[in-house]
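Each remark here refers to the structure printed beneath this line.
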2 protein chains.
Amino acid sequence: MTEELKIGRVAREAGVNIQTVRYYERRGLVSPEGYRDSGYRLYTDEAVRKIRFIKNAQELGFTLDEIARLLKLRIGRRTQCGKVRTQAQSRLKIVQGKIEALRGMERVLNRLIHTCARRGTTDACPILESLEEGRRRK
Amino acid sequence: MTEELKIGRVAREAGVNIQTVRYYERRGLVSPEGYRDSGYRLYTDEAVRKIRFIKNAQELGFTLDEIARLLKLRIGRRTQCGKVRTQAQSRLKIVQGKIEALRGMERVLNRLIHTCARRGTTDACPILESLEEGRRRK
DNA sequence: CTTGACTCTATACTTTGGTACACGGTTTAT
DNA sequence: ATAAACCGTGTACCAAAGTATAGAGTCAAG
């Protein structure tokens, strides 16, 4: 069976501060499974996974509000499937846009690394050439 | 020839506030090409492109400090090529990591959208299954 | 059965990335 | 030549996402 964890353990395993765990609870992101009589919060390891997810998603430029919406994306017996699909589709577009932008960066960085190996200088600010798809070009 | 732009125009074209442009200058991200006698800043359209880059990069989870480093990545006549390559390589790894994570999200969202179309419910929190590569799996 | 490690709530402070005045000088279009 | 629209510096304020601290209660290992 999955052990019950107290907040300190959860924080340590997820690599965040204890206050952060409580902060996420206030923000509606991660709730304890239950409470002890003393008021101590009790978690399962799902909480640890959630917090790691949050941290990763932040690195990808999502805000806590967006992350909350991502975490709530699931289909229950009673949930309107249509709403979930709509949400998921709009999130998907955002994700795909980010992937595209990052691929632009990847391409430019690769070029920079190789240009470097052979001849000399690059122009003014090579990285600018990424992330500019679909704007006026010249 | 490329016209000279005053700060208001730059801000408008890049879709940010004038104060933001000055803020970026304080942060060492975007500098005017020169000044008028009156003290007015004068820019070229490179500034507009830079600011758009900054905004895009922020959406991808980069901080202003990281973005400053990205913008400085170029090979000059006198620049140590090795240092630039090292930097570029480490940035590249980060970019590729983000792409991988986003692909995980993409996969899960796609699955969710299709699961939705056919039968009913998904498990507890499907999105958690992305962004978890290389940790304990059960 | 005590002592050190842990937890609780509540409040205050911090950092990052901006925004908003206030007050005064400059440009430009009529 | 003058009003509307800009720009300059300086200072203050804001929101998001934490972090820190105080004061008090709880747990668990010897």
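Residues are referred to by chain and number: the chain letter is A, B, ... according to the order shown in the structure tokens, the number counts from 1 in that chain, and ligands are numbered separately from 1 in the order shown.
Residues in contact with DC6 of chain D at up to 12 Å, not including ones fewer than 4 positions away on its chain and judged by only C-alpha atoms (C1' of nucleotides), are Lys6, Ile7, Gly8, Arg9, Ile18, Ser38, Tyr40 and Arg41 of chain B; DG25, DT26, DT27 and DT28 of chain C.
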Please dump the current selection as a PDB file, in the first residue's frame; keep C-alpha atoms (C1' of nucleotides).
ATOM      1  CA  LYS B   6      11.595  56.777 -31.262  1.00  0.00           C
ATOM      2  CA  ILE B   7      10.717  54.748 -28.231  1.00  0.00           C
ATOM      3  CA  GLY B   8       6.946  55.031 -28.594  1.00  0.00           C
ATOM      4  CA  ARG B   9       7.000  53.533 -32.039  1.00  0.00           C
ATOM      5  CA  ILE B  18       7.109  52.207 -23.229  1.00  0.00           C
ATOM      6  CA  SER B  38      17.325  66.301 -26.441  1.00  0.00           C
ATOM      7  CA  TYR B  40      15.467  61.080 -26.934  1.00  0.00           C
ATOM      8  CA  ARG B  41      16.453  57.471 -27.576  1.00  0.00           C
TER       9      ARG B  41
ATOM     10  C1'  DG C  25      11.369  69.483 -21.557  1.00  0.00           C
ATOM     11  C1'  DT C  26      10.749  68.508 -26.953  1.00  0.00           C
ATOM     12  C1'  DT C  27       8.521  67.881 -31.530  1.00  0.00           C
ATOM     13  C1'  DT C  28       5.416  68.602 -34.934  1.00  0.00           C
TER      14       DT C  28
END
>> Using only C-alpha atoms (C1' of nucleotides) and a distance of at most 9 Å, pull out the residues of chain D that contact chain A, as a count of residues only.
In response: 6
> Got a sec to tell me which of chain B DSSP assigns to strand (DSSP E), as an NGL selection string?
Replying inline: :B and (34-35 or 41-42)
Residues just named, written with N, CA and C atoms as a tab-separated table (two decimals), in the first residue's frame:
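Contents of result-v9.tsv, freshly written:
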chain	number	residue	atom	x	y	z
B	34	GLY	N	21.37	55.24	-30.55
B	34	GLY	CA	21.98	56.52	-30.21
B	34	GLY	C	20.97	57.42	-29.53
B	35	TYR	N	21.36	58.65	-29.33
B	35	TYR	CA	20.49	59.60	-28.67
B	35	TYR	C	20.43	60.89	-29.47
B	41	ARG	N	15.79	58.69	-27.10
B	41	ARG	CA	16.45	57.47	-27.58
B	41	ARG	C	16.08	57.21	-29.04
B	42	LEU	N	17.04	56.74	-29.80
B	42	LEU	CA	16.77	56.39	-31.20
B	42	LEU	C	17.11	54.93	-31.45
> Using the chain letters and numbers from this document, which residues of chain B does DSSP assign to helix (DSSP H, G or I), as number ranges by chain?
Replying inline: B: 7-14, 18-26, 45-59, 64-72, 81-117, 126-129
Output file for the selection above: C-alpha atoms, as a PDB file, in the first residue's frame:
ATOM      1  CA  ILE B   7      10.717  54.748 -28.231  1.00  0.00           C
ATOM      2  CA  GLY B   8       6.946  55.031 -28.594  1.00  0.00           C
ATOM      3  CA  ARG B   9       7.000  53.533 -32.039  1.00  0.00           C
ATOM      4  CA  VAL B  10       9.277  50.725 -30.946  1.00  0.00           C
ATOM      5  CA  ALA B  11       6.979  49.918 -28.065  1.00  0.00           C
ATOM      6  CA  ARG B  12       3.875  50.010 -30.250  1.00  0.00           C
ATOM      7  CA  GLU B  13       5.374  47.781 -32.908  1.00  0.00           C
ATOM      8  CA  ALA B  14       6.652  45.282 -30.429  1.00  0.00           C
ATOM      9  CA  ILE B  18       7.109  52.207 -23.229  1.00  0.00           C
ATOM     10  CA  GLN B  19       8.201  51.652 -19.657  1.00  0.00           C
ATOM     11  CA  THR B  20       8.965  48.092 -20.517  1.00  0.00           C
ATOM     12  CA  VAL B  21      11.375  49.165 -23.218  1.00  0.00           C
ATOM     13  CA  ARG B  22      13.222  51.350 -20.742  1.00  0.00           C
ATOM     14  CA  TYR B  23      13.109  48.565 -18.204  1.00  0.00           C
ATOM     15  CA  TYR B  24      14.762  46.211 -20.670  1.00  0.00           C
ATOM     16  CA  GLU B  25      17.417  48.818 -21.248  1.00  0.00           C
ATOM     17  CA  ARG B  26      18.159  48.952 -17.525  1.00  0.00           C
ATOM     18  CA  ASP B  45      13.963  47.946 -36.100  1.00  0.00           C
ATOM     19  CA  GLU B  46      16.406  45.472 -34.620  1.00  0.00           C
ATOM     20  CA  ALA B  47      15.132  46.691 -31.282  1.00  0.00           C
ATOM     21  CA  VAL B  48      11.591  45.728 -32.229  1.00  0.00           C
ATOM     22  CA  ARG B  49      12.737  42.263 -33.231  1.00  0.00           C
ATOM     23  CA  LYS B  50      14.671  41.877 -30.026  1.00  0.00           C
ATOM     24  CA  ILE B  51      11.713  42.795 -27.897  1.00  0.00           C
ATOM     25  CA  ARG B  52       9.493  40.359 -29.742  1.00  0.00           C
ATOM     26  CA  PHE B  53      12.123  37.707 -29.195  1.00  0.00           C
ATOM     27  CA  ILE B  54      12.175  38.497 -25.510  1.00  0.00           C
ATOM     28  CA  LYS B  55       8.415  38.176 -25.254  1.00  0.00           C
ATOM     29  CA  ASN B  56       8.413  34.883 -27.094  1.00  0.00           C
ATOM     30  CA  ALA B  57      11.248  33.495 -25.047  1.00  0.00           C
ATOM     31  CA  GLN B  58       9.443  34.388 -21.862  1.00  0.00           C
ATOM     32  CA  GLU B  59       6.491  32.314 -23.000  1.00  0.00           C
ATOM     33  CA  LEU B  64      15.253  37.774 -18.546  1.00  0.00           C
ATOM     34  CA  ASP B  65      18.730  36.798 -17.419  1.00  0.00           C
ATOM     35  CA  GLU B  66      18.706  33.705 -19.583  1.00  0.00           C
ATOM     36  CA  ILE B  67      17.355  35.727 -22.471  1.00  0.00           C
ATOM     37  CA  ALA B  68      20.114  38.274 -22.065  1.00  0.00           C
ATOM     38  CA  ARG B  69      22.614  35.447 -22.411  1.00  0.00           C
ATOM     39  CA  LEU B  70      20.848  34.140 -25.507  1.00  0.00           C
ATOM     40  CA  LEU B  71      20.938  37.576 -27.094  1.00  0.00           C
ATOM     41  CA  LYS B  72      24.639  37.912 -26.449  1.00  0.00           C
ATOM     42  CA  CYS B  81      34.737  30.930 -30.224  1.00  0.00           C
ATOM     43  CA  GLY B  82      35.053  28.175 -27.674  1.00  0.00           C
ATOM     44  CA  LYS B  83      33.146  30.007 -25.016  1.00  0.00           C
ATOM     45  CA  VAL B  84      30.331  30.787 -27.378  1.00  0.00           C
ATOM     46  CA  ARG B  85      30.111  27.195 -28.489  1.00  0.00           C
ATOM     47  CA  THR B  86      30.067  25.949 -24.925  1.00  0.00           C
ATOM     48  CA  GLN B  87      27.301  28.368 -24.038  1.00  0.00           C
ATOM     49  CA  ALA B  88      25.343  27.504 -27.151  1.00  0.00           C
ATOM     50  CA  GLN B  89      25.663  23.819 -26.436  1.00  0.00           C
ATOM     51  CA  SER B  90      24.396  24.166 -22.917  1.00  0.00           C
ATOM     52  CA  ARG B  91      21.491  26.342 -24.088  1.00  0.00           C
ATOM     53  CA  LEU B  92      20.772  23.752 -26.753  1.00  0.00           C
ATOM     54  CA  LYS B  93      20.455  21.007 -24.159  1.00  0.00           C
ATOM     55  CA  ILE B  94      17.962  23.086 -22.226  1.00  0.00           C
ATOM     56  CA  VAL B  95      15.959  23.801 -25.351  1.00  0.00           C
ATOM     57  CA  GLN B  96      15.911  20.139 -26.276  1.00  0.00           C
ATOM     58  CA  GLY B  97      14.830  19.177 -22.788  1.00  0.00           C
ATOM     59  CA  LYS B  98      11.913  21.556 -23.045  1.00  0.00           C
ATOM     60  CA  ILE B  99      10.943  20.165 -26.412  1.00  0.00           C
ATOM     61  CA  GLU B 100      10.917  16.659 -24.982  1.00  0.00           C
ATOM     62  CA  ALA B 101       8.770  17.684 -22.045  1.00  0.00           C
ATOM     63  CA  LEU B 102       6.321  19.447 -24.309  1.00  0.00           C
ATOM     64  CA  ARG B 103       6.137  16.423 -26.545  1.00  0.00           C
ATOM     65  CA  GLY B 104       5.131  14.411 -23.500  1.00  0.00           C
ATOM     66  CA  MET B 105       2.334  16.860 -22.854  1.00  0.00           C
ATOM     67  CA  GLU B 106       1.334  16.810 -26.482  1.00  0.00           C
ATOM     68  CA  ARG B 107       1.034  13.039 -26.442  1.00  0.00           C
ATOM     69  CA  VAL B 108      -1.091  13.019 -23.304  1.00  0.00           C
ATOM     70  CA  LEU B 109      -3.375  15.770 -24.548  1.00  0.00           C
ATOM     71  CA  ASN B 110      -3.869  13.973 -27.821  1.00  0.00           C
ATOM     72  CA  ARG B 111      -4.708  10.801 -26.003  1.00  0.00           C
ATOM     73  CA  LEU B 112      -7.167  12.653 -23.834  1.00  0.00           C
ATOM     74  CA  ILE B 113      -8.886  14.203 -26.840  1.00  0.00           C
ATOM     75  CA  HIS B 114      -9.301  10.846 -28.502  1.00  0.00           C
ATOM     76  CA  THR B 115     -10.247   8.902 -25.407  1.00  0.00           C
ATOM     77  CA  CYS B 116     -12.910  11.496 -25.063  1.00  0.00           C
ATOM     78  CA  ALA B 117     -14.315  10.813 -28.487  1.00  0.00           C
ATOM     79  CA  PRO B 126      -3.873  11.928 -16.922  1.00  0.00           C
ATOM     80  CA  ILE B 127      -1.648  14.915 -17.464  1.00  0.00           C
ATOM     81  CA  LEU B 128       0.632  13.724 -14.680  1.00  0.00           C
ATOM     82  CA  GLU B 129       1.862  11.020 -16.994  1.00  0.00           C
TER      83      GLU B 129
END
> When you draw a straight line from atom C1' of DC14 of chain D to atom CA of Phe62 of chain A, how long is it in Å?
Replying inline: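 Distance reported for this atom pair: 20.6 Å.
For the pair atom CA of Gly15 of chain B and atom CA of Ser130 of chain A, the interatomic distance is 18.2 Å.
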> Counting only C-alpha atoms (C1' of nucleotides), which residues from chain C have an atom at most 8 Å from any atom of chain A, and could you show them as an MDAnalysis selection string?
Replying inline: chainID C and resid 6:8
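Going from atom CA of Glu4 of chain B to atom C1' of DC23 of chain C covers 27.4 Å.
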